[in-house]
Amino acid sequence: MEPAVRKPTRSLSRLDKLESESIHIMREVAAQFNKPVLLFSGGKDSICLVYLAKKAFEPAKIPFTLVHIDTGHNFPEALEFRDNLVKKFGLKLEVGSVQSSIDRGLAVEEKGKFPSRNGIQTVSLLETISNMKADACIGGARRDEEKARAKERIFSVRDVFGGWDPRLQRPELWDIYNGKIHNGENVRVFPISNWTELDVWEYIERENIELPSLYFTHEREVMLRDGLIFPISEFVRIDPGDVIEKKAVRFRTVGDMTCTAAVESRADNLSSIIEEIRSSKTTERGSRLDDKRSEAAMEDRKRGGYF
């Protein structure tokens, strides 16, 4: 008797497995929640989420409304990219305004040389998702970014005030995700939590995903502060002793202009960025001033309802 012939099986690459997991999570969100939304910052991680959502539901349209919290201090390049992406994929976009929160007395703007609005985004975020009655918010956070984000589950429950308690998280066995919540609660969902920064860049290269020009080296007016390179903008106070110079820089993260530093780089295409990331000895969050305010800065913000 001849032995049974085994059919050849395709070996999945690491990126294939990560993509498959993320698509599964996206579909679980669509199946388990009534009003899920996708939090969009204009950065590479949330852009990847849009492309993953497209794969998860095509040929149907992406079933999630994009939610962007506009600090008023955003990079213009990121806003332009956001609007073009929304038009390209025919998406719905909801914008929460930090300036509106300040004008109505709901948030208090910081004073000083680098008055970051990053922290007070939480006020506008919670108001926006409450008005939308969103019960799930998909975000692009990854465990390798920062230790507080490493504590998050894939489905991470927020209480009726938007707060997160890292001591009260649900177990997640294999790919079983529990989306049960009480009225008023919501779940933050992180489909690329198991990805690394390098995974994201390799996926962007493989899928030929467009990104804002900020990620690629360009010449820009900058100033040094505490060893970090900050972009010159109308939101930063220039004092007489400040030295403004032009440098070839790019950004590893995209956030509020007053708290997002650049890095000197010659990487002007995806291949050179990937090589740069592979040899880098610093983390991408090392260029974020808001994370340096205290040892537990990110966890404190997340406990209050931050992204």
# chains A, B, ... in the order shown; residues from 1 in each chain; ligands from 1
$ residues_around --residues "Arg27 in chain A" --least-positions-apart "2" --cutoff "12 Å" --atoms "only C-alpha atoms" --output "list in words"
Ser20, Glu21, Ser22, Ile23, His24, Ile25, Val29, Ala30, Ala31, Gln32, Phe33, Pro36, Leu52, Ala53, Lys54, Lys55, Ala56, Phe57, Glu58, Ile62, Pro63, Phe64, Ile138, Tyr177, Val189 and Pro191 of chain A
$ residues_around --residues "Val37 in chain A" --least-positions-apart "4" --cutoff "8 Å" --atoms "only C-alpha atoms" --output "ChimeraX atom specification"
/A:64-67,134,136-138
$ write_last_selection --atoms "N, CA and C atoms" --output "PDB file, in the first residue's frame"
ATOM      1  N   PHE A  64     -15.319  50.983  10.352  1.00  0.00           N
ATOM      2  CA  PHE A  64     -14.988  51.805  11.519  1.00  0.00           C
ATOM      3  C   PHE A  64     -14.855  53.277  11.113  1.00  0.00           C
ATOM      4  N   THR A  65     -15.463  54.164  11.888  1.00  0.00           N
ATOM      5  CA  THR A  65     -15.223  55.602  11.721  1.00  0.00           C
ATOM      6  C   THR A  65     -13.858  55.947  12.309  1.00  0.00           C
ATOM      7  N   LEU A  66     -13.067  56.751  11.586  1.00  0.00           N
ATOM      8  CA  LEU A  66     -11.795  57.214  12.148  1.00  0.00           C
ATOM      9  C   LEU A  66     -12.073  58.345  13.135  1.00  0.00           C
ATOM     10  N   VAL A  67     -11.386  58.307  14.267  1.00  0.00           N
ATOM     11  CA  VAL A  67     -11.490  59.384  15.260  1.00  0.00           C
ATOM     12  C   VAL A  67     -10.110  59.999  15.451  1.00  0.00           C
ATOM     13  N   ALA A 134     -19.326  55.320  21.334  1.00  0.00           N
ATOM     14  CA  ALA A 134     -18.393  54.272  20.914  1.00  0.00           C
ATOM     15  C   ALA A 134     -18.161  53.297  22.063  1.00  0.00           C
ATOM     16  N   ALA A 136     -16.079  50.516  21.532  1.00  0.00           N
ATOM     17  CA  ALA A 136     -14.741  49.954  21.322  1.00  0.00           C
ATOM     18  C   ALA A 136     -13.911  50.951  20.530  1.00  0.00           C
ATOM     19  N   CYS A 137     -12.671  51.167  20.953  1.00  0.00           N
ATOM     20  CA  CYS A 137     -11.778  52.107  20.283  1.00  0.00           C
ATOM     21  C   CYS A 137     -10.503  51.364  19.896  1.00  0.00           C
ATOM     22  N   ILE A 138     -10.298  51.183  18.609  1.00  0.00           N
ATOM     23  CA  ILE A 138      -9.118  50.480  18.121  1.00  0.00           C
ATOM     24  C   ILE A 138      -7.944  51.447  18.088  1.00  0.00           C
TER      25      ILE A 138
END
$ closest_residue --among "A:Arg188, A:Lys44, A:Arg82, A:His182" --to "Tyr215 in chain A" --atoms "only C-alpha atoms"
A:Lys44
$ residues_around --residues "range 208-211 of chain A" --least-positions-apart "5" --cutoff "8 Å" --atoms "only C-alpha atoms" --output "VMD selection string"
chain A and resid 43 to 44 47 to 48 51 81
$ closest_residue --among "A:Asp239, A:Asp159, A:Glu276, A:Glu80" --to "Gly112 in chain A" --atoms "only C-alpha atoms"
A:Asp239
$ residues_around --residues "Arg143 in chain A" --least-positions-apart "3" --cutoff "7 Å" --atoms "only C-alpha atoms" --output "ChimeraX atom specification"
/A:146,149-150,193-194
$ write_last_selection --atoms "C-alpha atoms" --output "PDB file, in the first residue's frame"
ATOM      1  CA  GLU A 146       6.756  51.545  26.432  1.00  0.00           C
ATOM      2  CA  ARG A 149       1.690  49.730  26.968  1.00  0.00           C
ATOM      3  CA  ALA A 150       3.338  46.358  27.602  1.00  0.00           C
ATOM      4  CA  SER A 193       0.152  44.987  20.214  1.00  0.00           C
ATOM      5  CA  ASN A 194       2.430  42.015  19.422  1.00  0.00           C
TER       6      ASN A 194
END
$ select_by_dssp --residues "range 139-212 of chain A" --states "strand (DSSP E)" --output "list of chain:residue names"
A:Phe155, A:Ser156, A:Val157, A:Arg158, A:Asn186, A:Val187, A:Arg188, A:Val189
$ residues_around --residues "Lys113 in chain A" --least-positions-apart "3" --cutoff "10 Å" --atoms "only C-alpha atoms" --output "VMD selection string"
chain A and resid 110 116 235 to 239 258
$ closest_residue --among "A:Asn34, A:Ser13, A:Thr260, A:Ser156" --to "Lys302 in chain A" --atoms "only C-alpha atoms"
A:Ser156
$ closest_residue --among "A:Gln169, A:Thr253, A:Thr71, A:Asn84" --to "Ser124 in chain A" --atoms "only C-alpha atoms"
A:Thr71
$ residues_around --residues "Ala248 in chain A" --least-positions-apart "2" --cutoff "6 Å" --atoms "only C-alpha atoms" --output "ChimeraX atom specification"
/A:218-219,264
$ residues_around --residues "Lys147 in chain A" --least-positions-apart "3" --cutoff "9 Å" --atoms "only C-alpha atoms" --output "ChimeraX atom specification"
/A:143-144,150-151,296,298-299
